[in-house]
$ cat coords.cif   # mmCIF, C-alpha atoms
data_entry
#
loop_
_atom_site.group_PDB
_atom_site.id
_atom_site.type_symbol
_atom_site.label_atom_id
_atom_site.label_comp_id
_atom_site.auth_asym_id
_atom_site.auth_seq_id
_atom_site.Cartn_x
_atom_site.Cartn_y
_atom_site.Cartn_z
ATOM 1 C CA MET A 1 78.721 162.599 150.619
ATOM 2 C CA THR A 2 82.208 162.233 152.119
ATOM 3 C CA LYS A 3 85.178 164.489 151.333
ATOM 4 C CA GLN A 4 86.851 161.522 149.612
ATOM 5 C CA MET A 5 83.937 161.064 147.200
ATOM 6 C CA GLN A 6 83.695 164.851 146.597
ATOM 7 C CA ALA A 7 87.367 164.894 145.649
ATOM 8 C CA LEU A 8 86.870 161.895 143.356
ATOM 9 C CA LEU A 9 83.986 163.588 141.523
ATOM 10 C CA SER A 10 85.990 166.818 141.188
ATOM 11 C CA ILE A 11 88.864 164.926 139.567
ATOM 12 C CA ILE A 12 86.463 163.287 137.086
ATOM 13 C CA LEU A 13 84.795 166.615 136.177
ATOM 14 C CA ILE A 14 88.126 168.395 135.678
ATOM 15 C CA PHE A 15 89.380 165.592 133.457
ATOM 16 C CA LEU A 16 86.192 165.514 131.359
ATOM 17 C CA THR A 17 86.485 169.258 130.760
ATOM 18 C CA SER A 18 90.115 168.959 129.682
ATOM 19 C CA VAL A 19 89.287 166.320 127.043
ATOM 20 C CA GLN A 20 86.286 168.308 125.743
ATOM 21 C CA PHE A 21 83.831 165.517 126.639
ATOM 22 C CA ASN A 22 85.300 163.007 124.179
ATOM 23 C CA PRO A 23 83.153 159.935 124.982
ATOM 24 C CA ILE A 24 85.985 157.406 124.733
ATOM 25 C CA CYS A 25 88.436 159.499 126.777
ATOM 26 C CA ALA A 26 85.801 160.273 129.376
ATOM 27 C CA GLN A 27 84.964 156.608 129.804
ATOM 28 C CA ASN A 28 88.622 155.678 130.173
ATOM 29 C CA ALA A 29 89.248 158.520 132.630
ATOM 30 C CA THR A 30 86.321 157.533 134.828
ATOM 31 C CA ALA A 31 87.390 153.900 134.845
ATOM 32 C CA ALA A 32 90.971 154.874 135.737
ATOM 33 C CA VAL A 33 89.905 157.064 138.659
ATOM 34 C CA GLU A 34 87.514 154.409 139.927
ATOM 35 C CA GLU A 35 90.210 151.753 139.689
ATOM 36 C CA GLU A 36 92.581 153.974 141.673
ATOM 37 C CA ALA A 37 89.924 154.465 144.387
ATOM 38 C CA ILE A 38 89.231 150.734 144.524
ATOM 39 C CA GLN A 39 92.910 149.915 144.895
ATOM 40 C CA ALA A 40 93.359 152.557 147.625
ATOM 41 C CA ASP A 41 90.591 151.174 149.862
ATOM 42 C CA PRO A 42 88.215 148.648 148.266
ATOM 43 C CA LEU A 43 85.820 148.492 151.226
ATOM 44 C CA GLU A 44 85.574 152.273 151.539
ATOM 45 C CA TYR A 45 84.890 152.553 147.811
ATOM 46 C CA LEU A 46 82.309 149.753 147.981
ATOM 47 C CA PHE A 47 80.531 151.527 150.814
ATOM 48 C CA GLU A 48 80.324 154.742 148.802
ATOM 49 C CA GLN A 49 78.828 152.827 145.890
ATOM 50 C CA MET A 50 76.312 151.131 148.189
ATOM 51 C CA TYR A 51 75.092 154.408 149.654
ATOM 52 C CA ASP A 52 74.856 155.985 146.213
ATOM 53 C CA ALA A 53 72.670 153.061 145.073
ATOM 54 C CA TRP A 54 70.509 153.364 148.210
ATOM 55 C CA ASN A 55 69.958 157.087 147.720
ATOM 56 C CA GLU A 56 69.164 156.559 144.028
ATOM 57 C CA HIS A 57 66.641 153.867 145.075
ATOM 58 C CA ASP A 58 68.331 151.439 142.681
ATOM 59 C CA LEU A 59 67.233 148.094 144.107
ATOM 60 C CA GLU A 60 69.131 145.873 141.661
ATOM 61 C CA ARG A 61 72.405 147.746 142.063
ATOM 62 C CA LEU A 62 72.097 147.960 145.852
ATOM 63 C CA PHE A 63 71.514 144.251 146.349
ATOM 64 C CA SER A 64 74.347 143.305 144.021
ATOM 65 C CA PHE A 65 76.517 144.042 147.080
ATOM 66 C CA TYR A 66 74.720 141.361 149.143
ATOM 67 C CA SER A 67 75.447 137.630 149.221
ATOM 68 C CA SER A 68 72.652 135.283 148.174
ATOM 69 C CA ASP A 69 72.538 133.766 151.686
ATOM 70 C CA PHE A 70 72.369 137.145 153.450
ATOM 71 C CA VAL A 71 70.338 137.230 156.654
ATOM 72 C CA THR A 72 69.953 140.138 159.065
ATOM 73 C CA GLY A 73 70.795 139.934 162.744
ATOM 74 C CA ASP A 74 67.023 139.741 163.285
ATOM 75 C CA GLY A 75 66.766 136.633 161.100
ATOM 76 C CA ILE A 76 65.197 138.323 158.046
ATOM 77 C CA LYS A 77 66.376 136.720 154.801
ATOM 78 C CA LEU A 78 67.440 138.456 151.597
ATOM 79 C CA ASP A 79 64.139 138.389 149.650
ATOM 80 C CA ASP A 80 62.140 139.729 152.594
ATOM 81 C CA TYR A 81 64.810 142.369 153.250
ATOM 82 C CA LYS A 82 64.504 143.493 149.623
ATOM 83 C CA GLU A 83 60.740 143.833 150.010
ATOM 84 C CA LEU A 84 61.173 145.885 153.189
ATOM 85 C CA THR A 85 63.597 148.220 151.417
ATOM 86 C CA LYS A 86 61.271 148.560 148.435
ATOM 87 C CA SER A 87 58.297 149.275 150.718
ATOM 88 C CA LEU A 88 60.237 152.003 152.532
ATOM 89 C CA TRP A 89 61.168 153.683 149.252
ATOM 90 C CA GLU A 90 57.534 153.526 148.083
ATOM 91 C CA ALA A 91 56.208 154.987 151.332
ATOM 92 C CA TYR A 92 58.884 157.733 151.402
ATOM 93 C CA PRO A 93 59.788 158.425 147.732
ATOM 94 C CA ASN A 94 62.519 160.963 148.565
ATOM 95 C CA VAL A 95 64.039 159.190 151.581
ATOM 96 C CA LYS A 96 67.832 159.424 151.821
ATOM 97 C CA ILE A 97 70.435 157.759 153.995
ATOM 98 C CA GLU A 98 73.574 159.410 155.386
ATOM 99 C CA ASN A 99 76.391 157.443 156.989
ATOM 100 C CA GLN A 100 78.630 158.909 159.703
ATOM 101 C CA LYS A 101 81.460 157.830 161.989
ATOM 102 C CA ARG A 102 82.336 154.765 159.934
ATOM 103 C CA THR A 103 85.123 152.399 161.021
ATOM 104 C CA ILE A 104 86.345 149.409 159.027
ATOM 105 C CA ARG A 105 88.135 146.336 160.361
ATOM 106 C CA SER A 106 89.280 143.626 157.960
ATOM 107 C CA GLN A 107 91.326 140.450 158.250
ATOM 108 C CA ASP A 108 91.840 137.916 155.495
ATOM 109 C CA GLN A 109 88.452 137.320 153.828
ATOM 110 C CA TYR A 110 86.321 138.900 156.567
ATOM 111 C CA ALA A 111 85.491 142.511 157.411
ATOM 112 C CA THR A 112 83.265 144.422 159.824
ATOM 113 C CA VAL A 113 82.032 147.966 159.242
ATOM 114 C CA SER A 114 80.648 149.863 162.253
ATOM 115 C CA GLY A 115 78.800 153.125 161.864
ATOM 116 C CA ILE A 116 75.754 155.315 162.354
ATOM 117 C CA ASP A 117 73.112 155.856 159.682
ATOM 118 C CA PHE A 118 70.636 158.744 159.527
ATOM 119 C CA PHE A 119 67.452 158.602 157.440
ATOM 120 C CA PHE A 120 65.409 161.580 156.231
ATOM 121 C CA GLY A 121 62.328 161.609 154.024
ATOM 122 C CA GLN A 122 58.777 162.751 153.388
ATOM 123 C CA SER A 123 55.833 160.378 153.136
ATOM 124 C CA LYS A 124 53.952 159.740 149.927
ATOM 125 C CA GLU A 125 50.604 159.677 151.708
ATOM 126 C CA LEU A 126 48.921 162.817 152.998
ATOM 127 C CA ASN A 127 47.250 163.072 156.403
ATOM 128 C CA LYS A 128 43.866 164.359 155.236
ATOM 129 C CA GLU A 129 42.862 165.925 158.547
ATOM 130 C CA LEU A 130 46.080 167.940 158.766
ATOM 131 C CA ASN A 131 46.566 168.275 155.002
ATOM 132 C CA ASP A 132 50.213 167.444 155.599
ATOM 133 C CA LYS A 133 52.722 164.741 154.698
ATOM 134 C CA GLY A 134 54.726 162.894 157.330
ATOM 135 C CA PHE A 135 58.401 163.619 157.890
ATOM 136 C CA LEU A 136 60.656 160.686 158.720
ATOM 137 C CA ASN A 137 63.726 161.036 160.940
ATOM 138 C CA ALA A 138 65.567 157.893 162.014
ATOM 139 C CA ILE A 139 68.921 156.859 163.434
ATOM 140 C CA SER A 140 70.433 153.383 163.360
ATOM 141 C CA GLN A 141 73.714 152.304 164.923
ATOM 142 C CA GLY A 142 75.281 148.918 164.286
ATOM 143 C CA GLN A 143 77.557 146.757 162.199
ATOM 144 C CA ILE A 144 77.638 145.252 158.717
ATOM 145 C CA PHE A 145 79.570 142.025 158.136
ATOM 146 C CA PHE A 146 81.375 141.308 154.865
ATOM 147 C CA GLN A 147 82.969 138.224 153.381
ATOM 148 C CA LYS A 148 85.246 138.062 150.350
ATOM 149 C CA TYR A 149 84.242 135.820 147.462
ATOM 150 C CA GLY A 150 87.133 135.737 145.028
ATOM 151 C CA LYS A 151 87.904 139.412 144.427
ATOM 152 C CA ASP A 152 84.506 140.713 145.529
ATOM 153 C CA TRP A 153 83.311 141.694 148.998
ATOM 154 C CA LYS A 154 79.691 140.805 149.802
ATOM 155 C CA ILE A 155 77.458 141.666 152.761
ATOM 156 C CA VAL A 156 76.525 138.470 154.619
ATOM 157 C CA SER A 157 74.785 139.853 157.728
ATOM 158 C CA ASP A 158 74.299 142.824 160.033
ATOM 159 C CA ARG A 159 73.657 143.631 163.678
ATOM 160 C CA ILE A 160 71.731 146.675 164.900
ATOM 161 C CA HIS A 161 72.511 147.892 168.424
ATOM 162 C CA PHE A 162 70.312 150.995 168.552
ATOM 163 C CA GLU A 163 67.424 152.213 166.442
ATOM 164 C CA LEU A 164 65.053 155.141 166.880
ATOM 165 C CA VAL A 165 62.429 156.179 164.336
ATOM 166 C CA THR A 166 60.148 159.224 164.455
ATOM 167 C CA VAL A 167 57.492 160.287 161.960
ATOM 168 C CA TYR A 168 55.630 163.525 162.588
ATOM 169 C CA TYR A 169 52.712 165.338 160.961
ATOM 170 C CA GLY A 170 51.642 168.927 161.471
ATOM 171 C CA ASP A 171 53.213 170.738 164.437
ATOM 172 C CA ALA A 172 54.025 167.589 166.429
ATOM 173 C CA LYS A 173 57.780 167.936 165.947
ATOM 174 C CA LYS A 174 58.134 171.055 168.091
ATOM 175 C CA TYR A 175 56.912 169.219 171.183
ATOM 176 C CA LEU A 176 59.489 166.515 170.583
ATOM 177 C CA ASP A 177 62.291 169.026 169.950
ATOM 178 C CA ASN A 178 61.392 170.978 173.104
ATOM 179 C CA HIS A 179 61.381 167.762 175.179
ATOM 180 C CA GLN A 180 57.714 168.261 175.996
ATOM 181 C CA ILE A 181 57.113 164.711 174.766
ATOM 182 C CA TYR A 182 59.620 162.016 175.652
ATOM 183 C CA PHE A 183 59.560 158.245 175.055
ATOM 184 C CA SER A 184 61.541 155.948 177.344
ATOM 185 C CA SER A 185 62.300 152.233 177.003
ATOM 186 C CA PRO A 186 65.337 149.976 177.530
ATOM 187 C CA GLU A 187 67.704 149.192 174.670
ATOM 188 C CA GLN A 188 68.215 145.590 175.783
ATOM 189 C CA VAL A 189 66.428 143.151 178.076
ATOM 190 C CA ASN A 190 66.771 139.477 178.970
ATOM 191 C CA ALA A 191 64.454 136.956 177.365
ATOM 192 C CA GLY A 192 61.251 136.577 179.361
ATOM 193 C CA ALA A 193 61.963 139.675 181.459
ATOM 194 C CA GLN A 194 59.440 142.409 182.200
ATOM 195 C CA TYR A 195 60.125 145.956 181.019
ATOM 196 C CA SER A 196 58.214 149.202 180.657
ATOM 197 C CA ALA A 197 57.728 151.641 177.802
ATOM 198 C CA THR A 198 56.735 155.105 179.002
ATOM 199 C CA LEU A 199 55.605 158.332 177.372
ATOM 200 C CA TYR A 200 56.178 161.545 179.337
ATOM 201 C CA PHE A 201 54.299 164.782 178.637
ATOM 202 C CA ILE A 202 55.009 168.354 179.753
ATOM 203 C CA LEU A 203 52.445 170.271 177.719
ATOM 204 C CA PRO A 204 50.776 173.686 178.059
ATOM 205 C CA GLU A 205 47.245 173.688 179.494
ATOM 206 C CA ASN A 206 45.639 174.390 176.130
ATOM 207 C CA ILE A 207 47.394 171.388 174.516
ATOM 208 C CA LYS A 208 45.811 167.961 174.907
ATOM 209 C CA ALA A 209 47.238 164.593 173.947
ATOM 210 C CA SER A 210 46.000 161.044 173.596
ATOM 211 C CA ALA A 211 48.307 158.115 172.978
ATOM 212 C CA THR A 212 48.762 154.379 172.684
ATOM 213 C CA ILE A 213 51.838 152.116 173.018
ATOM 214 C CA ASN A 214 52.320 148.794 171.224
ATOM 215 C CA LYS A 215 54.929 146.059 170.969
ATOM 216 C CA GLU A 216 55.780 143.693 168.129
ATOM 217 C CA LEU A 217 58.458 141.145 167.266
ATOM 218 C CA ILE A 218 61.025 142.106 164.627
ATOM 219 C CA VAL A 219 60.283 139.408 162.075
ATOM 220 C CA LYS A 220 58.972 139.233 158.527
ATOM 221 C CA PRO A 221 56.067 141.743 158.495
ATOM 222 C CA ASP A 222 52.629 140.218 158.934
ATOM 223 C CA PRO A 223 49.950 142.214 157.037
ATOM 224 C CA ALA A 224 47.279 140.643 159.248
ATOM 225 C CA ALA A 225 48.916 141.757 162.518
ATOM 226 C CA VAL A 226 46.525 143.509 164.894
ATOM 227 C CA PHE A 227 47.629 146.332 167.201
ATOM 228 C CA ASP A 228 45.928 147.878 170.199
ATOM 229 C CA GLU A 229 44.469 151.129 168.879
ATOM 230 C CA SER A 230 42.666 152.149 172.065
ATOM 231 C CA PHE A 231 43.983 155.652 172.772
ATOM 232 C CA GLN A 232 44.113 157.022 176.287
ATOM 233 C CA ASN A 233 43.734 160.695 177.123
ATOM 234 C CA ILE A 234 46.820 161.969 178.929
ATOM 235 C CA THR A 235 45.835 163.499 182.269
ATOM 236 C CA GLU A 236 48.777 162.698 184.571
ATOM 237 C CA HIS A 237 51.745 163.640 182.376
ATOM 238 C CA LYS A 238 52.629 160.092 181.454
ATOM 239 C CA LEU A 239 51.440 156.854 179.873
ATOM 240 C CA GLU A 240 53.167 153.607 180.763
ATOM 241 C CA ARG A 241 52.769 150.046 179.525
ATOM 242 C CA LEU A 242 54.420 146.943 180.905
ATOM 243 C CA PHE A 243 55.578 144.239 178.532
ATOM 244 C CA GLN A 244 57.196 140.842 178.905
ATOM 245 C CA SER A 245 59.908 140.104 176.395
ATOM 246 C CA ASN A 246 59.581 137.001 174.274
ATOM 247 C CA THR A 247 61.457 133.733 174.766
ATOM 248 C CA THR A 248 61.466 132.825 171.067
ATOM 249 C CA ASN A 249 64.841 134.443 170.307
ATOM 250 C CA HIS A 250 63.436 137.548 168.570
ATOM 251 C CA ASN A 251 64.240 141.209 169.052
ATOM 252 C CA GLU A 252 61.307 143.562 169.594
ATOM 253 C CA LEU A 253 59.987 146.961 168.594
ATOM 254 C CA VAL A 254 57.985 149.251 170.884
ATOM 255 C CA SER A 255 55.975 151.982 169.196
ATOM 256 C CA ALA A 256 53.998 154.959 170.453
ATOM 257 C CA THR A 257 51.368 156.940 168.586
ATOM 258 C CA ILE A 258 50.502 160.396 169.933
ATOM 259 C CA VAL A 259 47.656 162.630 168.748
ATOM 260 C CA ILE A 260 47.983 166.293 169.752
ATOM 261 C CA SER A 261 45.111 168.789 169.867
ATOM 262 C CA LYS A 262 45.040 172.495 170.666
ATOM 263 C CA GLY A 263 42.238 174.304 172.456
ATOM 264 C CA ILE A 264 40.187 173.737 175.596
ATOM 265 C CA ILE A 265 36.573 174.246 174.515
ATOM 266 C CA GLU A 266 36.803 172.977 170.936
ATOM 267 C CA PRO A 267 40.154 171.168 170.540
ATOM 268 C CA LYS A 268 41.546 171.160 167.008
ATOM 269 C CA LEU A 269 43.963 168.535 165.725
ATOM 270 C CA GLU A 270 47.466 170.038 165.658
ATOM 271 C CA GLY A 271 49.745 167.097 164.978
ATOM 272 C CA VAL A 272 50.386 163.349 165.003
ATOM 273 C CA LEU A 273 53.610 161.743 166.151
ATOM 274 C CA TYR A 274 54.907 158.174 165.789
ATOM 275 C CA ILE A 275 57.949 156.976 167.751
ATOM 276 C CA SER A 276 59.521 153.504 167.520
ATOM 277 C CA LYS A 277 62.477 152.086 169.439
ATOM 278 C CA ARG A 278 64.328 148.795 169.134
ATOM 279 C CA ILE A 279 64.522 146.416 172.083
ATOM 280 C CA ASN A 280 67.311 143.874 171.735
ATOM 281 C CA VAL A 281 66.426 140.667 173.581
ATOM 282 C CA ALA A 282 69.326 138.707 175.063
ATOM 283 C CA SER A 283 68.476 135.047 174.652
ATOM 284 C CA THR A 284 69.114 132.620 177.517
ATOM 285 C CA VAL A 285 68.638 129.601 175.272
ATOM 286 C CA GLY A 286 71.764 127.484 174.876
ATOM 287 C CA ASN A 287 73.885 129.313 177.459
ATOM 288 C CA LEU A 288 76.632 127.138 178.940
ATOM 289 C CA SER A 289 76.486 126.295 182.632
ATOM 290 C CA LYS A 290 79.536 126.865 184.816
ATOM 291 C CA SER A 291 80.172 123.128 185.009
ATOM 292 C CA THR A 292 80.224 122.683 181.243
ATOM 293 C CA VAL A 293 83.652 121.783 179.866
ATOM 294 C CA ILE A 294 84.551 121.951 176.202
ATOM 295 C CA ASN A 295 87.380 119.577 175.357
ATOM 296 C CA LYS A 296 88.595 120.392 171.881
ATOM 297 C CA PRO A 297 92.307 119.949 171.047
ATOM 298 C CA PHE A 298 94.193 122.623 169.165
ATOM 299 C CA ALA A 299 95.168 121.890 165.598
ATOM 300 C CA LYS A 300 98.827 120.957 165.231
ATOM 301 C CA ILE A 301 100.880 123.499 163.334
ATOM 302 C CA GLU A 302 103.383 121.886 160.986
#
$ encode --input "coords.cif" --output "structure tokens"
Amino acid sequence: MTKQMQALLSIILIFLTSVQFNPICAQNATAAVEEEAIQADPLEYLFEQMYDAWNEHDLERLFSFYSSDFVTGDGIKLDDYKELTKSLWEAYPNVKIENQKRTIRSQDQYATVSGIDFFFGQSKELNKELNDKGFLNAISQGQIFFQKYGKDWKIVSDRIHFELVTVYYGDAKKYLDNHQIYFSSPEQVNAGAQYSATLYFILPENIKASATINKELIVKPDPAAVFDESFQNITEHKLERLFQSNTTNHNELVSATIVISKGIIEPKLEGVLYISKRINVASTVGNLSKSTVINKPFAKIE
């Protein structure tokens, strides 16, 4: 919650106390304060309302801020984006989002909001072997694009530049925090180019790890998708996989799953760690050659 919103709530609470919780006065006071906040900075106020709706897991209210033709920078349309949001809330019932370092640029009927979002939550499902729920930590950096329809601003698209997601069970987190497990991959590659995703391990002798690395396109989720679940025991401090980026104009996601055991003679499961990173794919389709000339006259200004 920002200082601006904290101040707004304080004003409302003070006013409600002064009118002894008269329902009509309280309603008018709240509306007046909200109207003042809207007039001061409508986009900032809208953003606060959006994040409140997200953290309350209010799907209808949240998507009232989106245009009907919304599509993400990955090409995912509104209905599928709703389902993804709903699925996340179901999998992590207490997940919250926190926005930081927000900047707003607006001109006429268009606006761009750049910022960093942090996600925190605990999984609904329990890992039976560890008798523990998973803890989600994620960071996403990018932009949200708005357009004004009459008096209302609506989200029409977004663009994510960086995204890192970790989910850990048991004691897996400490190895990540101590940089004893590290996952490396590029943030952007050219279409059709080869790149590597690498896990590095610096673990004590009594700690053993096995891992697998997968890649998928960022598109509408396919329930029938099959991933390589063949785990490899880590014996040389790293696991590397080479991938070739797609040429179908899709961004990609590389994911690593690490299983950590403790003990040499009879290893016992100590933790499970999932790490996912976004790979933005720069398309070469439709690029203009150096000899291409665009001849389009300027509009005459009367």
$ residues_around --input "coords.cif" --residues "A:Lys77" --least-positions-apart "4" --cutoff "10 Å" --atoms "only C-alpha atoms" --output "PDB file with C-alpha atoms, in the frame of the given file"
ATOM      1  CA  SER A  68      72.652 135.283 148.174  1.00  0.00           C
ATOM      2  CA  ASP A  69      72.538 133.766 151.686  1.00  0.00           C
ATOM      3  CA  PHE A  70      72.369 137.145 153.450  1.00  0.00           C
ATOM      4  CA  VAL A  71      70.338 137.230 156.654  1.00  0.00           C
ATOM      5  CA  THR A  72      69.953 140.138 159.065  1.00  0.00           C
ATOM      6  CA  GLY A  73      70.795 139.934 162.744  1.00  0.00           C
ATOM      7  CA  TYR A  81      64.810 142.369 153.250  1.00  0.00           C
ATOM      8  CA  LYS A  82      64.504 143.493 149.623  1.00  0.00           C
ATOM      9  CA  SER A 157      74.785 139.853 157.728  1.00  0.00           C
ATOM     10  CA  VAL A 219      60.283 139.408 162.075  1.00  0.00           C
ATOM     11  CA  LYS A 220      58.972 139.233 158.527  1.00  0.00           C
TER      12      LYS A 220
END
$ closest_residue --input "coords.cif" --among "A:Asn99, A:Gln232, A:Gln49, A:Ser261" --to "A:Ala172" --atoms "only C-alpha atoms"
A:Ser261
$ resolve_selection --input "coords.cif" --expression "the PyMOL selection byres ((chain A and resi 145) around 7)" --output "list in words"
Ala111, Thr112, Val113, Gln143, Ile144, Phe146, Gln147, Ile155, Val156, Ser157 and Asp158 of chain A
$ residues_near_point --input "coords.cif" --point "(62.2, 140.9, 167.4)" --cutoff "9 Å" --atoms "all atoms listed in the file" --output "compact mmCIF listing (two decimals) with C-alpha atoms, in the frame of the given file"
# COMPACT_ATOMS: atom_id res chain seq x y z
CA ASP A 74 67.02 139.74 163.28
CA GLY A 75 66.77 136.63 161.10
CA GLU A 216 55.78 143.69 168.13
CA LEU A 217 58.46 141.15 167.27
CA ILE A 218 61.02 142.11 164.63
CA VAL A 219 60.28 139.41 162.07
CA ASN A 246 59.58 137.00 174.27
CA THR A 248 61.47 132.82 171.07
CA ASN A 249 64.84 134.44 170.31
CA HIS A 250 63.44 137.55 168.57
CA ASN A 251 64.24 141.21 169.05
CA GLU A 252 61.31 143.56 169.59
CA LEU A 253 59.99 146.96 168.59
CA ARG A 278 64.33 148.79 169.13
CA ILE A 279 64.52 146.42 172.08
CA ASN A 280 67.31 143.87 171.74
CA VAL A 281 66.43 140.67 173.58
$ closest_residue --input "coords.cif" --among "A:Asp108, A:Glu48, A:Glu90, A:Glu129" --to "A:Gly150" --atoms "only C-alpha atoms"
A:Asp108
$ closest_residue --input "coords.cif" --among "A:Ser87, A:Trp153, A:Ser140, A:Leu126" --to "A:Ser67" --atoms "only C-alpha atoms"
A:Trp153
$ closest_residue --input "coords.cif" --among "A:Ala211, A:Val165, A:Ile275, A:Leu239" --to "A:Ile258" --atoms "all atoms listed in the file"
A:Ala211
$ closest_residue --input "coords.cif" --among "A:Lys238, A:Lys262, A:Lys151, A:Lys174" --to "A:Pro204" --atoms "only C-alpha atoms"
A:Lys262
$ resolve_selection --input "coords.cif" --expression "the PyMOL selection byres ((chain A and resi 166) around 8)" --output "ChimeraX atom specification"
/A:136-138,164-165,167-168,273-276
$ atom_distance --input "coords.cif" --atom1 "atom CA of A:Trp54" --atom2 "atom CA of A:Phe162"
20.5 Å
$ residues_around --input "coords.cif" --residues "A:Lys133" --least-positions-apart "4" --cutoff "9 Å" --atoms "only C-alpha atoms" --output "PDB file with C-alpha atoms, in the coordinates of the input"
ATOM      1  CA  GLN A 122      58.777 162.751 153.388  1.00  0.00           C
ATOM      2  CA  SER A 123      55.833 160.378 153.136  1.00  0.00           C
ATOM      3  CA  LYS A 124      53.952 159.740 149.927  1.00  0.00           C
ATOM      4  CA  GLU A 125      50.604 159.677 151.708  1.00  0.00           C
ATOM      5  CA  LEU A 126      48.921 162.817 152.998  1.00  0.00           C
ATOM      6  CA  ASN A 127      47.250 163.072 156.403  1.00  0.00           C
ATOM      7  CA  LYS A 128      43.866 164.359 155.236  1.00  0.00           C
ATOM      8  CA  TYR A 168      55.630 163.525 162.588  1.00  0.00           C
ATOM      9  CA  TYR A 169      52.712 165.338 160.961  1.00  0.00           C
ATOM     10  CA  GLY A 170      51.642 168.927 161.471  1.00  0.00           C
TER      11      GLY A 170
END
$ atom_distance --input "coords.cif" --atom1 "atom CA of A:Lys148" --atom2 "atom CA of A:Lys86"
26.2 Å
$ resolve_selection --input "coords.cif" --expression "the PyMOL selection byres ((chain A and resi 193) around 10)" --output "MDAnalysis selection string"
chainID A and resid 189:192 194:195 243:247 281:282
$ closest_residue --input "coords.cif" --among "A:Leu130, A:Leu43, A:Val254, A:Leu78" --to "A:Glu187" --atoms "all atoms listed in the file"
A:Val254
$ atom_distance --input "coords.cif" --atom1 "atom CA of A:Trp89" --atom2 "atom CA of A:Arg61"
14.6 Å
$ axis_aligned_box --input "coords.cif" --around "stretch 81-85 of chain A" --padding-each-side "6 Å" --output "lines of an AutoDock Vina configuration file"
center_x = 62.8
center_y = 145.3
center_z = 151.4
size_x = 16.1
size_y = 17.9
size_z = 15.6
